[in-house]
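A short write-up of the structure that comes next.
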Amino acid sequence: MTQTGTPVDAPPSAEGGAAPKRAAPDDRRQKWRSRRYRWDAKFSPYAFISPFFLFFGAFGLFPLLYTAWASLHRVELTAPTDMEWAGLHNYTRLLEDDFFWNSLWVTFTLAVLSTVPQLLMAMGLAHLLNYKMRAASLFRVAMLAPYATSVAAATLVFAMLYGRDYGMINWFFGLFGVDEIDWKSGSWTSKLAISTIVIWRWTGYNTLIYLAAMQAVPQDLYESASLDGASRWKQFRYVTIPSLRPTILFTVVVSTIGSVQLFGEPLLFEEGAGASGGADHQFQTLGLYLYEQGWRNLHLGRAAAIAWVMFLILVVIGIVFGLISRRLRKS
Amino acid sequence: MALLTKAAWEMDRKDPGKRRRRGPKAGEAGGQQHAGKLTYAVLLLFTAISLFPLIWTAVAASRTNERLAETPPPMWFGGNLFSNMETAWSDANMGLALFNTTIVAGSIAAGTVLFGTLAGFAFAKLRFRFKNMLMLLVIGTMMVPPQLSVVPLYMAIAKLEWIDQLQSVILPFIVSAFGVFFMRQYLIQALPTELIEAARVDGASSVRVIWHVVFPAARPAMAVLGMLTFVMAWNEFFWPIIALTQENPTVQVALTSLGRGYIPDQSVIMAGALLGTLPLLLLLLLFGRQIVGGIMHGAVKG
Amino acid sequence: MRSYRTTRRAVGLLAAAVLGTGLLSACASDDDDGGSDTDSGDGGGGKTTITMGLFGTFGFKEAGLYKEYEKLNPDIKIKEDVIERNENYYPALLNHLTSNSGLADVQAVEVANIAEVVDTQADRFMDLGKVEGVSEDAFLDWKWQQATADDGKTIGLGTDVGPMAICYRKDHFEEAGLPTDREEVAKLWEGDWEKFLDAGRDFKENGPEGVAWVDSADAVYDGAIASSEGKYYNEDGDVIYKESPDVAAAWDIAAAAAEEKLTGNLQQFTKQWDQAMSNGDFATISCPAWMLGYIQEKGGSKSEGKWDVARSPMPGNWGGSFLGVPESGDNKDEAAKLVAWLTAPEQQAKLFAERGNFPSAPPAYDMDAVKTATNPYFGDAPIGELFSASAQEIPVQTIGPKDQIIDQNIGNGLQLIEQGKEDPDGAWDEAVNAADNALDQ
């Protein structure tokens, strides 16, 4: 494979100098070629996107529609094909379902607790990494190590570190006379603990994204700012941040989607809690509640309705961010 | 005829052909000042925090179950690392699991990159009917909670008699909306539209354009997407646990069998987790700079 | 420039690796097909492989029973596929059953799920009552009935049962001034769970600092409910747990234990519980026969000789499982033979001797392996005699399809008291609320 900036091995020019005697077949060929060209231009876009939509249709759309259909029925995991029409009952009941509202609240608080510090820290670290320094790539690679760790492995380790009686974190606090904290059963402590897992795994990744964006900020902006006597902080505040707006928006969107779907960490954080998210459902996210209804309580119809509500929430979030980004682009 | 020109290649109205900086080094000029001691200190602290849980996994994996239940917790390596790894390896069918996971993650990464680039290119640079609507659909699919499709998917896989076969965990993930979106965002900027036009004027077919223009231009982003997808696919556990059994497991499936028995031996579980993570860490160690460069390269407006 | 070239090379390598593995995958899955065909087909000169789908610890392999069977039947090879927790195993099993795929030749079912499986999945299992060599008389009657549908089809054969006892730490008892001899200890709480709490109050007063009387309120509840006839369903299959006097009594005992902080606020089968066991952080634990194995493995050498086992306040049953053979299996006849053999009294007796899982087959109780069995880890306690006596007095409990879910939510409620988040009344309301929500389709 040669590295080609421009494709130059174009056959038409080579054939252009062919003998004029074979004008007639050449003409036909020309016609054929232009028809082929037309067809190619018209249909190739569809050819390019078709593999995606083919697979998506088979493995994404079909399940999606099936779940939509199932959410309108009473249907149990013990017999997933026996459906009894229930109309919108599975949706309307969610309005009065304390556990649903609880999981919505948990999802929201966990999203805030994990996203905000994570992105702020990433921003700060990116700023630091943007200085000229030694061992820059070492820092960068080390920061990606958590990203390469699976949710399962990470949660396993953190669950041990947060152990009540013999965990390292309580032992460490104990050195300063702090009493044992029951991380997993407290309403806020459990949320804090889970959000640290998320923060740990994703901060490095986001740092690199910010760093990249920072390095794309034109140098002369800083130069003219410092000529105007702007302090470092002011440069950061009035030059760096505004230039990073689209990137910030992107990371916020991705992190938000991720936190609304948060599932593996709370599921594995306390192995005895199953999908209940603790005795008080203190860390039962929407994803976990969905899972409990479908896979523990075996109510597929109800689980499907929760899944669709989750989906709609994300769509609304998507639209909101879309509007924000449009506004940003205009200004 | 007018229709033909209209249907042809889209002019990119935004900054056409604006060259992007290349290579992980290029950006360094952006940093204005040299780092101070405090900067190093903060970065070192953060690096330590990033690595500590991993190192402690290794420490826990090198101890006995009983020692892990004592205070103060162990802070340094014990002598059982290899015996615990051996137990994990033989109890959990690790050899097959690592092999399978390489295949699964590799295929998913290859599929996501290939199909993502094709579709991303079409959405970025070509003009066709329903384009915006289809793009919205792609973005919409990113919002679908993964737990949603498990039951119908399982029923479909069962009909096809794919249970316990690797394609059951490969095919449902072989395309990703994120991949399409990612490649589109990249190609809008990185692929000069004149380049495509020049090739078309020369009479190159779409396949040729893809091969000689799009792929070379997209290569850095393809590499990043491949890496990201590989890591994600490697660590996927929710669906594989349902579709596969211990007979033919991926790493994450195999790990679930370590906790079984009277003695869910924590140190063995940790050793297993370490075994399952090591290949990725190795990859990171070998290609770390490339991956970092790639993420940063592809990210700017990603 | 240099770094750019390395990038390219890295990418090339990666692409090659990825493409290579993609190709390999095609071959590998073909191989799998071929492999499983020769494996699962009967004839053809190859061995027949029987797969066992299990959860937790059945101990067949550890007790050498597979090896023995393979020796008796040279054409058979046995493999097991174990998922640690039943709560993960059971939904997967349902999924496999309803889609008729991914099933092992033999599938285990826990007693908390057996009623639901009998109710909804009976068509998908073989009638093991008709298999040669299987005799209804060889099993405890209630155990047999639990896995038998209304039409008389028996879809699972009992493996073990969980006759109750109480395990206790002699060293902690001694420190608290309580008796340590197992007969005297049993007398402390004979016939009444309330007396068990009294002893606990005494222990809390005089016992060692930082040691709880019992591991968890949930386990006290499980122990207490195990000795009553009523549970969550009535004979007609209606859910009555809210009105059941048996449930209320068991709840009150457990709630009192939680409220008075007699429990260690531990949840069973978690790391914290393991660690507490390893460090001897509680003095007693509800001890169905299968629990002995847990204690022994978790306690390790550190606790050797410190545990003993005494009769529980009232005889009862906690846990136990069944083995069933899915109708769709390729080797179902061979699998049924294996199940019949594994659950026969002789093998159950062997399993008890090796692993402590108590037989559901009364003929085994008279065999020496059971009758004279003692356990050195528990101070040579005569466990055979002790559990046989308990097993024969187990009340016939009415079980129902959603026992497990109700159990879980009641357990959650008790935890709320232990964690100091609710008083017993409030916790009961929470538990009922959650259980009703979980039951409602």
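Here's how to read the names in the structure tokens: chain A, B, ... by the order shown, residue numbers from 1 in each chain, ligand numbers from 1 in the order shown.
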Skipping near chain neighbours, those fewer than 2 positions away, what residues fall within 12 Å of Pro240 in chain B using only C-alpha atoms, listed as a PyMOL selection string?
(chain B and resi 97+100-101+104-105+150+153-154+163-173+233-238+242-246+248-256) or (chain C and resi 92)
Output for the residues just chosen: C-alpha atoms as a PDB file, in the first residue's frame:
```
ATOM      1  CA  ALA B  97     -10.815 -17.351  26.967  1.00  0.00           C
ATOM      2  CA  ASN B 100     -11.509 -16.189  22.072  1.00  0.00           C
ATOM      3  CA  THR B 101     -11.465 -12.647  23.357  1.00  0.00           C
ATOM      4  CA  VAL B 104     -13.947 -11.393  19.295  1.00  0.00           C
ATOM      5  CA  ALA B 105     -12.441  -8.003  20.101  1.00  0.00           C
ATOM      6  CA  VAL B 150     -30.904  -8.490  25.427  1.00  0.00           C
ATOM      7  CA  LEU B 153     -31.510 -10.581  20.782  1.00  0.00           C
ATOM      8  CA  TYR B 154     -31.174 -13.759  22.740  1.00  0.00           C
ATOM      9  CA  ILE B 163     -25.548 -19.926  21.472  1.00  0.00           C
ATOM     10  CA  ASP B 164     -22.051 -20.559  22.749  1.00  0.00           C
ATOM     11  CA  GLN B 165     -20.519 -19.651  19.414  1.00  0.00           C
ATOM     12  CA  LEU B 166     -18.346 -16.648  18.944  1.00  0.00           C
ATOM     13  CA  GLN B 167     -20.422 -15.040  16.215  1.00  0.00           C
ATOM     14  CA  SER B 168     -23.186 -14.552  18.747  1.00  0.00           C
ATOM     15  CA  VAL B 169     -21.023 -11.999  20.549  1.00  0.00           C
ATOM     16  CA  ILE B 170     -19.333 -10.618  17.447  1.00  0.00           C
ATOM     17  CA  LEU B 171     -22.126  -9.860  15.007  1.00  0.00           C
ATOM     18  CA  PRO B 172     -24.400  -7.814  17.287  1.00  0.00           C
ATOM     19  CA  PHE B 173     -21.492  -5.464  17.970  1.00  0.00           C
ATOM     20  CA  ALA B 233     -15.090  -5.200  23.185  1.00  0.00           C
ATOM     21  CA  TRP B 234     -12.447  -6.858  25.325  1.00  0.00           C
ATOM     22  CA  ASN B 235     -14.135  -5.648  28.475  1.00  0.00           C
ATOM     23  CA  GLU B 236     -17.744  -6.256  27.445  1.00  0.00           C
ATOM     24  CA  PHE B 237     -19.429  -8.639  29.868  1.00  0.00           C
ATOM     25  CA  PHE B 238     -23.164  -8.110  29.992  1.00  0.00           C
ATOM     26  CA  ILE B 242     -25.748 -14.527  28.543  1.00  0.00           C
ATOM     27  CA  ALA B 243     -24.745 -15.755  25.116  1.00  0.00           C
ATOM     28  CA  LEU B 244     -21.697 -17.836  26.025  1.00  0.00           C
ATOM     29  CA  THR B 245     -20.979 -20.484  28.619  1.00  0.00           C
ATOM     30  CA  GLN B 246     -17.807 -21.651  30.319  1.00  0.00           C
ATOM     31  CA  ASN B 248     -16.380 -21.416  25.080  1.00  0.00           C
ATOM     32  CA  PRO B 249     -15.906 -18.259  27.118  1.00  0.00           C
ATOM     33  CA  THR B 250     -14.462 -14.813  26.626  1.00  0.00           C
ATOM     34  CA  VAL B 251     -12.248 -13.444  29.370  1.00  0.00           C
ATOM     35  CA  GLN B 252     -15.044 -11.636  31.170  1.00  0.00           C
ATOM     36  CA  VAL B 253     -17.214 -14.757  31.068  1.00  0.00           C
ATOM     37  CA  ALA B 254     -14.405 -16.939  32.333  1.00  0.00           C
ATOM     38  CA  LEU B 255     -13.775 -14.561  35.220  1.00  0.00           C
ATOM     39  CA  THR B 256     -17.313 -15.032  36.508  1.00  0.00           C
TER      40      THR B 256
ATOM     41  CA  ALA C  92     -30.038 -17.431  32.401  1.00  0.00           C
TER      42      ALA C  92
END
```
*as a ChimeraX atom specification, which residues of range 220-283 of chain B does DSSP assign to alpha helix (DSSP H)?*
/B:220-235,238-243,251-256,266-283
Quick one: write out the picked residues with C-alpha atoms as a PDB file, in the first residue's frame?
```pdb
ATOM      1  CA  PRO B 220      -5.137   7.960  12.185  1.00  0.00           C
ATOM      2  CA  ALA B 221      -8.778   8.067  13.191  1.00  0.00           C
ATOM      3  CA  MET B 222      -9.253   4.475  12.094  1.00  0.00           C
ATOM      4  CA  ALA B 223      -6.420   3.435  14.351  1.00  0.00           C
ATOM      5  CA  VAL B 224      -7.912   5.246  17.314  1.00  0.00           C
ATOM      6  CA  LEU B 225     -11.367   3.895  16.704  1.00  0.00           C
ATOM      7  CA  GLY B 226      -9.904   0.424  16.347  1.00  0.00           C
ATOM      8  CA  MET B 227      -8.081   0.695  19.648  1.00  0.00           C
ATOM      9  CA  LEU B 228     -11.046   2.153  21.518  1.00  0.00           C
ATOM     10  CA  THR B 229     -13.361  -0.481  20.134  1.00  0.00           C
ATOM     11  CA  PHE B 230     -10.905  -3.262  20.859  1.00  0.00           C
ATOM     12  CA  VAL B 231     -10.641  -2.195  24.486  1.00  0.00           C
ATOM     13  CA  MET B 232     -14.394  -1.862  24.832  1.00  0.00           C
ATOM     14  CA  ALA B 233     -15.090  -5.200  23.185  1.00  0.00           C
ATOM     15  CA  TRP B 234     -12.447  -6.858  25.325  1.00  0.00           C
ATOM     16  CA  ASN B 235     -14.135  -5.648  28.475  1.00  0.00           C
ATOM     17  CA  PHE B 238     -23.164  -8.110  29.992  1.00  0.00           C
ATOM     18  CA  TRP B 239     -24.099  -9.806  26.740  1.00  0.00           C
ATOM     19  CA  PRO B 240     -21.326 -12.436  26.550  1.00  0.00           C
ATOM     20  CA  ILE B 241     -22.324 -13.789  29.953  1.00  0.00           C
ATOM     21  CA  ILE B 242     -25.748 -14.527  28.543  1.00  0.00           C
ATOM     22  CA  ALA B 243     -24.745 -15.755  25.116  1.00  0.00           C
ATOM     23  CA  VAL B 251     -12.248 -13.444  29.370  1.00  0.00           C
ATOM     24  CA  GLN B 252     -15.044 -11.636  31.170  1.00  0.00           C
ATOM     25  CA  VAL B 253     -17.214 -14.757  31.068  1.00  0.00           C
ATOM     26  CA  ALA B 254     -14.405 -16.939  32.333  1.00  0.00           C
ATOM     27  CA  LEU B 255     -13.775 -14.561  35.220  1.00  0.00           C
ATOM     28  CA  THR B 256     -17.313 -15.032  36.508  1.00  0.00           C
ATOM     29  CA  GLN B 266     -10.335 -13.249  46.588  1.00  0.00           C
ATOM     30  CA  SER B 267      -6.679 -13.548  45.775  1.00  0.00           C
ATOM     31  CA  VAL B 268      -7.427 -15.997  42.956  1.00  0.00           C
ATOM     32  CA  ILE B 269     -10.188 -13.750  41.653  1.00  0.00           C
ATOM     33  CA  MET B 270      -7.751 -10.852  41.665  1.00  0.00           C
ATOM     34  CA  ALA B 271      -5.192 -12.969  39.861  1.00  0.00           C
ATOM     35  CA  GLY B 272      -7.802 -13.756  37.232  1.00  0.00           C
ATOM     36  CA  ALA B 273      -8.756 -10.109  36.877  1.00  0.00           C
ATOM     37  CA  LEU B 274      -5.087  -9.300  36.443  1.00  0.00           C
ATOM     38  CA  LEU B 275      -4.677 -11.986  33.779  1.00  0.00           C
ATOM     39  CA  GLY B 276      -7.654 -10.578  31.927  1.00  0.00           C
ATOM     40  CA  THR B 277      -6.367  -7.010  32.052  1.00  0.00           C
ATOM     41  CA  LEU B 278      -2.681  -7.664  31.358  1.00  0.00           C
ATOM     42  CA  PRO B 279      -3.001  -8.057  27.587  1.00  0.00           C
ATOM     43  CA  LEU B 280      -4.607  -4.626  27.334  1.00  0.00           C
ATOM     44  CA  LEU B 281      -2.005  -3.068  29.594  1.00  0.00           C
ATOM     45  CA  LEU B 282       0.679  -4.690  27.483  1.00  0.00           C
ATOM     46  CA  LEU B 283      -0.915  -3.237  24.395  1.00  0.00           C
TER      47      LEU B 283
END
```
May I have the residues within 8 Å of Val253 in chain A as an mmCIF file with N, CA and C atoms, in the first residue's frame, using only C-alpha atoms and disregarding those fewer than 3 positions away in the same chain?
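Below you can see part_34.cif, which holds the result:
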```
data_model
loop_
_atom_site.group_PDB
_atom_site.id
_atom_site.type_symbol
_atom_site.label_atom_id
_atom_site.label_comp_id
_atom_site.auth_asym_id
_atom_site.auth_seq_id
_atom_site.Cartn_x
_atom_site.Cartn_y
_atom_site.Cartn_z
ATOM 1 N N LEU A 249 -18.437 20.487 25.182
ATOM 2 C CA LEU A 249 -19.784 20.011 24.907
ATOM 3 C C LEU A 249 -19.758 18.526 24.551
ATOM 4 N N PHE A 250 -18.818 18.149 23.701
ATOM 5 C CA PHE A 250 -18.717 16.748 23.295
ATOM 6 C C PHE A 250 -18.504 15.831 24.503
ATOM 7 N N THR A 256 -22.558 12.246 29.823
ATOM 8 C CA THR A 256 -23.940 12.203 30.281
ATOM 9 C C THR A 256 -24.637 10.930 29.794
ATOM 10 N N ILE A 257 -24.455 10.635 28.514
ATOM 11 C CA ILE A 257 -25.049 9.403 28.002
ATOM 12 C C ILE A 257 -24.540 8.218 28.817
ATOM 13 N N GLY A 318 -30.228 14.618 24.327
ATOM 14 C CA GLY A 318 -29.565 14.820 23.044
ATOM 15 C C GLY A 318 -30.067 16.075 22.348
ATOM 16 N N PHE A 321 -28.782 19.237 24.089
ATOM 17 C CA PHE A 321 -27.389 19.513 23.752
ATOM 18 C C PHE A 321 -27.254 19.957 22.305
#
```
#### Entry: All residues 6 Å or closer to range 290-299 of chain C, only C-alpha atoms, same chain fewer than 3 positions away omitted, as a ChimeraX atom specification
/B:262 /C:277-278,287,303,356-357
Writing out the chosen residues with N, CA and C atoms as a PDB file, in the first residue's frame:
```pdb
ATOM      1  N   TYR B 262     -17.052 -23.092  47.463  1.00  0.00           N
ATOM      2  CA  TYR B 262     -17.059 -22.714  48.865  1.00  0.00           C
ATOM      3  C   TYR B 262     -16.150 -21.535  49.108  1.00  0.00           C
TER       4      TYR B 262
ATOM      5  N   MET C 277     -16.019 -14.101  58.888  1.00  0.00           N
ATOM      6  CA  MET C 277     -15.931 -15.521  59.232  1.00  0.00           C
ATOM      7  C   MET C 277     -14.473 -15.878  59.481  1.00  0.00           C
ATOM      8  N   SER C 278     -13.613 -15.406  58.599  1.00  0.00           N
ATOM      9  CA  SER C 278     -12.204 -15.722  58.705  1.00  0.00           C
ATOM     10  C   SER C 278     -11.616 -15.172  60.006  1.00  0.00           C
ATOM     11  N   CYS C 287     -27.148 -22.825  60.803  1.00  0.00           N
ATOM     12  CA  CYS C 287     -26.264 -23.775  60.152  1.00  0.00           C
ATOM     13  C   CYS C 287     -26.996 -24.940  59.501  1.00  0.00           C
ATOM     14  N   SER C 303      -9.324 -20.887  62.335  1.00  0.00           N
ATOM     15  CA  SER C 303     -10.451 -21.159  63.227  1.00  0.00           C
ATOM     16  C   SER C 303     -10.614 -22.636  63.530  1.00  0.00           C
ATOM     17  N   GLY C 356     -20.403 -32.616  53.121  1.00  0.00           N
ATOM     18  CA  GLY C 356     -21.354 -32.139  54.117  1.00  0.00           C
ATOM     19  C   GLY C 356     -22.721 -31.786  53.566  1.00  0.00           C
ATOM     20  N   ASN C 357     -22.954 -32.002  52.255  1.00  0.00           N
ATOM     21  CA  ASN C 357     -24.307 -31.784  51.731  1.00  0.00           C
ATOM     22  C   ASN C 357     -25.192 -32.930  52.207  1.00  0.00           C
TER      23      ASN C 357
END
```
Q.
If we count only C-alpha atoms and set the cut-off at 12 Å, which residues sit around Lys261 in chain C, ignoring sequence neighbours fewer than 2 positions away in its own chain? Please answer as a PyMOL selection string.
A. chain C and resi 197+200-201+203-205+210-217+254-259+263-266+414-415+417-420
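Running DSSP on the backbone and keeping only strand (DSSP E), the residues of range 158-225 of chain C that qualify are Gly158, Thr159, Asp160, Val161, Gly162, Pro163, Ala165, Ile166, Cys167, Tyr168, Arg169, Ala212, Trp213 and Val214 of chain C.
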Go ahead and write the selection's residues with N, CA and C atoms as a short mmCIF file (atom, residue, chain, number, x, y, z; two decimals), in the first residue's frame.
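Listed below is the output, result-v6.cif:
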```
data_model
loop_
_atom_site.label_atom_id
_atom_site.label_comp_id
_atom_site.auth_asym_id
_atom_site.auth_seq_id
_atom_site.Cartn_x
_atom_site.Cartn_y
_atom_site.Cartn_z
N GLY C 158 -34.12 -34.75 43.91
CA GLY C 158 -33.48 -34.01 44.98
C GLY C 158 -32.02 -34.35 45.13
N THR C 159 -31.19 -33.37 45.31
CA THR C 159 -29.79 -33.65 45.65
C THR C 159 -29.66 -33.65 47.17
N ASP C 160 -29.61 -32.45 47.73
CA ASP C 160 -29.44 -32.38 49.17
C ASP C 160 -30.62 -31.65 49.80
N VAL C 161 -30.71 -31.71 51.10
CA VAL C 161 -31.62 -30.87 51.86
C VAL C 161 -30.78 -30.12 52.88
N GLY C 162 -31.42 -29.15 53.54
CA GLY C 162 -30.66 -28.34 54.50
C GLY C 162 -31.25 -28.40 55.88
N PRO C 163 -31.16 -29.56 56.56
CA PRO C 163 -31.65 -29.61 57.93
C PRO C 163 -30.85 -28.64 58.80
N ALA C 165 -29.20 -26.56 62.03
CA ALA C 165 -28.51 -26.63 63.33
C ALA C 165 -28.00 -25.23 63.59
N ILE C 166 -27.33 -25.04 64.71
CA ILE C 166 -26.66 -23.77 64.95
C ILE C 166 -25.17 -24.05 65.15
N CYS C 167 -24.35 -23.33 64.40
CA CYS C 167 -22.91 -23.45 64.62
C CYS C 167 -22.49 -22.33 65.57
N TYR C 168 -21.56 -22.64 66.45
CA TYR C 168 -21.15 -21.62 67.41
C TYR C 168 -19.67 -21.73 67.71
N ARG C 169 -19.10 -20.60 68.14
CA ARG C 169 -17.68 -20.54 68.45
C ARG C 169 -17.48 -20.83 69.93
N ALA C 212 -20.05 -10.11 67.34
CA ALA C 212 -21.51 -10.10 67.34
C ALA C 212 -22.03 -11.48 67.73
N TRP C 213 -23.28 -11.51 68.21
CA TRP C 213 -23.86 -12.79 68.60
C TRP C 213 -24.08 -13.66 67.37
N VAL C 214 -24.63 -13.06 66.33
CA VAL C 214 -24.96 -13.83 65.15
C VAL C 214 -24.61 -12.98 63.92
#
```
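Taking CA of Glu180 in chain A and CA of Phe173 in chain C as endpoints, the distance between them is 26.1 Å.
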Only residues of chain C matter here; which ones have an atom within 9 Å of chain A, counting only C-alpha atoms? Give them as a ChimeraX atom specification. /C:87-88,90-92,94-95,97-99,116-117,120-121,267-272,275-276,402,405,409,411-416,419,421,430,434,437-441
Asp202 in chain C environment, 10 Å, only C-alpha atoms, sequence neighbours closer than 6 positions dropped, as an MDAnalysis selection string
chainID C and resid 176:178 213
For the selection just defined, write its residues with C-alpha atoms to a file, as an mmCIF file, in the first residue's frame.
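The new file again21.cif reads:
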```
data_model
loop_
_atom_site.group_PDB
_atom_site.id
_atom_site.type_symbol
_atom_site.label_atom_id
_atom_site.label_comp_id
_atom_site.auth_asym_id
_atom_site.auth_seq_id
_atom_site.Cartn_x
_atom_site.Cartn_y
_atom_site.Cartn_z
ATOM 1 C CA ALA C 176 -18.850 -14.913 77.689
ATOM 2 C CA GLY C 177 -19.380 -17.483 80.377
ATOM 3 C CA LEU C 178 -21.761 -19.561 78.305
ATOM 4 C CA TRP C 213 -23.860 -12.787 68.603
#
```
Residue with the minimum atom-to-atom distance to Pro53 in chain B, picked from A:Phe263, A:Phe158, A:Phe236, A:Phe62 with only C-alpha atoms counted, is A:Phe158
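Take CA of Leu262 in chain C and CA of Phe176 in chain A: the distance between them is 28.3 Å.
Comparing B:Asp202, B:Glu86, B:Glu247, B:Glu161 by their smallest distance to chain A, the closest is B:Asp202 (using only C-alpha atoms).
The closest residue to chain A, picked from B:Ala35, B:Val113, B:Val214, B:Ile157 and counting only C-alpha atoms, is B:Ala35.
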